[in-house]
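*Asks:* Okay, handing you the structure first.
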Amino acid sequence: NATLASWYPGFDEERFSHDWKQETFDFVRAEGVPQKHGAAEVLCLLKEKGYRLGLCTNNTDSVVREYLTLLGWTKLFDVCVTAADVQKRKPQPDTYLEAARRLAVDPSSCMGVEDSPSGLLSVHRAGMVTVCIPDMVDLRSVNPAIIDYQLTDLLALPALIEKLNIK
């Protein structure tokens with residue numbers, strides 16, 4: 001938004017953000033929330049097996065609540081940590097550390113699943129097992145040393161969790 005403001009004197013960032021959010025909500029209400037292949041299946045399976053799940057995002061609370069409601073996933077996550085909950089957003093570890101704190105677990109016993117450079121770095125910096133599942137974002141800038149496991153499909157995640165004996 002700052003770039004647009006520099007290009008267009010008088011640009012109303014607040015109005016733009018409001019309108020952008022409204023257009024996005026209208027679209028996802030009509031077309032559905034885009035989701036990674038297998039997401040609903042994997043989340044439900046992990047929840048059924050008793051895993052405690054946290055959602056860590058740089059997005060806003062209102063967007064997260066709207067999307068989770070539209071997807072019917074509000075009860076799948078034990079904690080949701082959004083941009084408003086932390087001082088420093090991804091790629092800093094604050095989001096993941098706050099989720100671990102709310103879950104009352106040691107970060108080193110947690111796994112973070114990400115598909116973006118900032119998310120992967122955040123998980124790594126939090127001291128969690130870092131799982132990369134590439135999607136639409138270019139990951140060539142990511143140092144491979146920060147990725148503990150790379151999967152090609154989210155559906156492979158439950159087997160990895162079982163193999164690693166993560167509780």
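A note on labels: chains of the structure tokens are A, B, ... as shown, every chain counts residues from 1, and ligands are counted from 1 in their shown order.
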Please provide as a PDB file with C-alpha atoms, in the first residue's frame all residues within 9 Å of stretch 149-156 of chain A, with the sequence filter that same-chain residues fewer than 2 positions apart are discarded (counting only C-alpha atoms).
*Replies:*
ATOM      1  CA  LYS A  36      -4.268 -27.058  -0.307  1.00  0.00           C
ATOM      2  CA  HIS A  37      -5.128 -30.522  -1.640  1.00  0.00           C
ATOM      3  CA  GLY A  38      -5.861 -32.867   1.270  1.00  0.00           C
ATOM      4  CA  ALA A  39      -6.006 -30.127   3.919  1.00  0.00           C
ATOM      5  CA  GLU A  41      -8.719 -34.707   5.311  1.00  0.00           C
ATOM      6  CA  VAL A  42      -5.353 -34.340   7.059  1.00  0.00           C
ATOM      7  CA  VAL A 129      10.691 -29.457  13.213  1.00  0.00           C
ATOM      8  CA  THR A 130      10.404 -27.675   9.871  1.00  0.00           C
ATOM      9  CA  VAL A 131       8.271 -29.310   7.190  1.00  0.00           C
ATOM     10  CA  CYS A 132       8.072 -27.769   3.743  1.00  0.00           C
ATOM     11  CA  ILE A 133       5.228 -28.566   1.374  1.00  0.00           C
ATOM     12  CA  PRO A 134       5.740 -26.394  -1.707  1.00  0.00           C
ATOM     13  CA  ASP A 135       2.695 -24.799  -3.228  1.00  0.00           C
ATOM     14  CA  ILE A 147      14.158 -27.545   6.158  1.00  0.00           C
ATOM     15  CA  PRO A 158       0.366 -38.064   8.905  1.00  0.00           C
ATOM     16  CA  ALA A 159       2.857 -40.787   7.947  1.00  0.00           C
ATOM     17  CA  LEU A 160       5.779 -38.442   8.684  1.00  0.00           C
TER      18      LEU A 160
END
*Asks:* Step one, run DSSP on the backbone; step two, keep only residues of stretch 4-84 of chain A assigned to helix (DSSP H, G or I); then write them as a PyMOL selection string.
*Replies:* chain A and resi 4-7+13-31+39-48+61-71+83-84
*Asks:* What's around A:Ser62 at 12 Å? Count only C-alpha atoms, leave out sequence neighbours fewer than 6 positions away in its own chain, and write the answer as a short mmCIF file (atom, residue, chain, number, x, y, z; two decimals) with all heavy atoms, in the first residue's frame.
*Replies:*
data_model
loop_
_atom_site.label_atom_id
_atom_site.label_comp_id
_atom_site.auth_asym_id
_atom_site.auth_seq_id
_atom_site.Cartn_x
_atom_site.Cartn_y
_atom_site.Cartn_z
N HIS A 18 -9.85 -1.69 3.23
CA HIS A 18 -11.23 -2.08 3.52
C HIS A 18 -11.89 -2.69 2.29
O HIS A 18 -12.50 -3.75 2.35
CB HIS A 18 -12.04 -0.87 4.00
CG HIS A 18 -13.49 -1.16 4.16
ND1 HIS A 18 -14.39 -0.98 3.13
CD2 HIS A 18 -14.19 -1.64 5.22
CE1 HIS A 18 -15.59 -1.34 3.55
NE2 HIS A 18 -15.50 -1.73 4.81
N LYS A 21 -10.39 -6.11 1.31
CA LYS A 21 -10.87 -7.18 2.19
C LYS A 21 -12.31 -7.56 1.83
O LYS A 21 -12.66 -8.72 1.76
CB LYS A 21 -10.79 -6.74 3.65
CG LYS A 21 -11.16 -7.85 4.62
CD LYS A 21 -11.22 -7.38 6.06
CE LYS A 21 -9.87 -7.16 6.65
NZ LYS A 21 -9.93 -6.82 8.09
N GLN A 22 -13.14 -6.56 1.59
CA GLN A 22 -14.54 -6.82 1.25
C GLN A 22 -14.66 -7.59 -0.06
O GLN A 22 -15.43 -8.55 -0.15
CB GLN A 22 -15.33 -5.50 1.17
CG GLN A 22 -16.82 -5.71 1.09
CD GLN A 22 -17.36 -6.50 2.27
OE1 GLN A 22 -17.10 -6.15 3.42
NE2 GLN A 22 -18.09 -7.56 2.01
N PHE A 25 -13.57 -11.19 0.59
CA PHE A 25 -14.63 -11.94 1.30
C PHE A 25 -15.78 -12.27 0.37
O PHE A 25 -16.29 -13.39 0.40
CB PHE A 25 -15.14 -11.14 2.50
CG PHE A 25 -14.25 -11.19 3.72
CD1 PHE A 25 -14.47 -10.32 4.76
CD2 PHE A 25 -13.21 -12.10 3.83
CE1 PHE A 25 -13.67 -10.35 5.90
CE2 PHE A 25 -12.41 -12.14 4.95
CZ PHE A 25 -12.64 -11.27 6.00
N LEU A 68 -12.00 -19.73 8.36
CA LEU A 68 -12.26 -20.95 9.14
C LEU A 68 -13.75 -21.24 9.22
O LEU A 68 -14.16 -22.41 9.15
CB LEU A 68 -11.64 -20.84 10.54
CG LEU A 68 -10.12 -20.85 10.61
CD1 LEU A 68 -9.66 -20.68 12.05
CD2 LEU A 68 -9.53 -22.11 10.00
N THR A 69 -14.55 -20.21 9.36
CA THR A 69 -16.01 -20.40 9.40
C THR A 69 -16.51 -20.92 8.07
O THR A 69 -17.29 -21.88 8.02
CB THR A 69 -16.71 -19.07 9.77
OG1 THR A 69 -16.26 -18.67 11.07
CG2 THR A 69 -18.22 -19.22 9.77
N CYS A 80 -5.17 -20.25 17.48
CA CYS A 80 -4.90 -19.50 16.25
C CYS A 80 -4.12 -18.26 16.66
O CYS A 80 -4.58 -17.48 17.48
CB CYS A 80 -6.19 -19.07 15.57
SG CYS A 80 -7.11 -20.41 14.83
N VAL A 81 -2.94 -18.11 16.09
CA VAL A 81 -2.11 -16.95 16.36
C VAL A 81 -2.02 -16.14 15.06
O VAL A 81 -1.59 -16.65 14.03
CB VAL A 81 -0.71 -17.36 16.85
CG1 VAL A 81 0.14 -16.13 17.14
CG2 VAL A 81 -0.80 -18.26 18.08
N THR A 82 -2.47 -14.89 15.16
CA THR A 82 -2.48 -14.01 13.98
C THR A 82 -1.49 -12.88 14.19
O THR A 82 -0.87 -12.75 15.24
CB THR A 82 -3.89 -13.44 13.75
OG1 THR A 82 -4.20 -12.53 14.81
CG2 THR A 82 -4.94 -14.53 13.65
N ALA A 83 -1.39 -12.02 13.19
CA ALA A 83 -0.48 -10.88 13.23
C ALA A 83 -0.73 -9.99 14.45
O ALA A 83 0.21 -9.41 15.00
CB ALA A 83 -0.61 -10.06 11.95
N ALA A 84 -1.97 -9.89 14.88
CA ALA A 84 -2.31 -9.03 16.02
C ALA A 84 -1.81 -9.57 17.35
O ALA A 84 -1.75 -8.84 18.33
CB ALA A 84 -3.82 -8.83 16.08
#
*Asks:* Quick check, in Å to one decimal: how far apart do atom CA of A:Leu55 and atom CA of A:Thr95 lie?
*Replies:* 9.2 Å
*Asks:* By how many Å are atom CA of A:Arg29 and atom CA of A:Phe11 apart?
*Replies:*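 These atoms are spaced 27.8 Å apart.
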*Asks:* Which residue, A:Arg101, A:Lys163, A:Arg140, A:Lys90, has the smallest gap to A:Arg125 when you use only C-alpha atoms?
*Replies:* A:Lys90
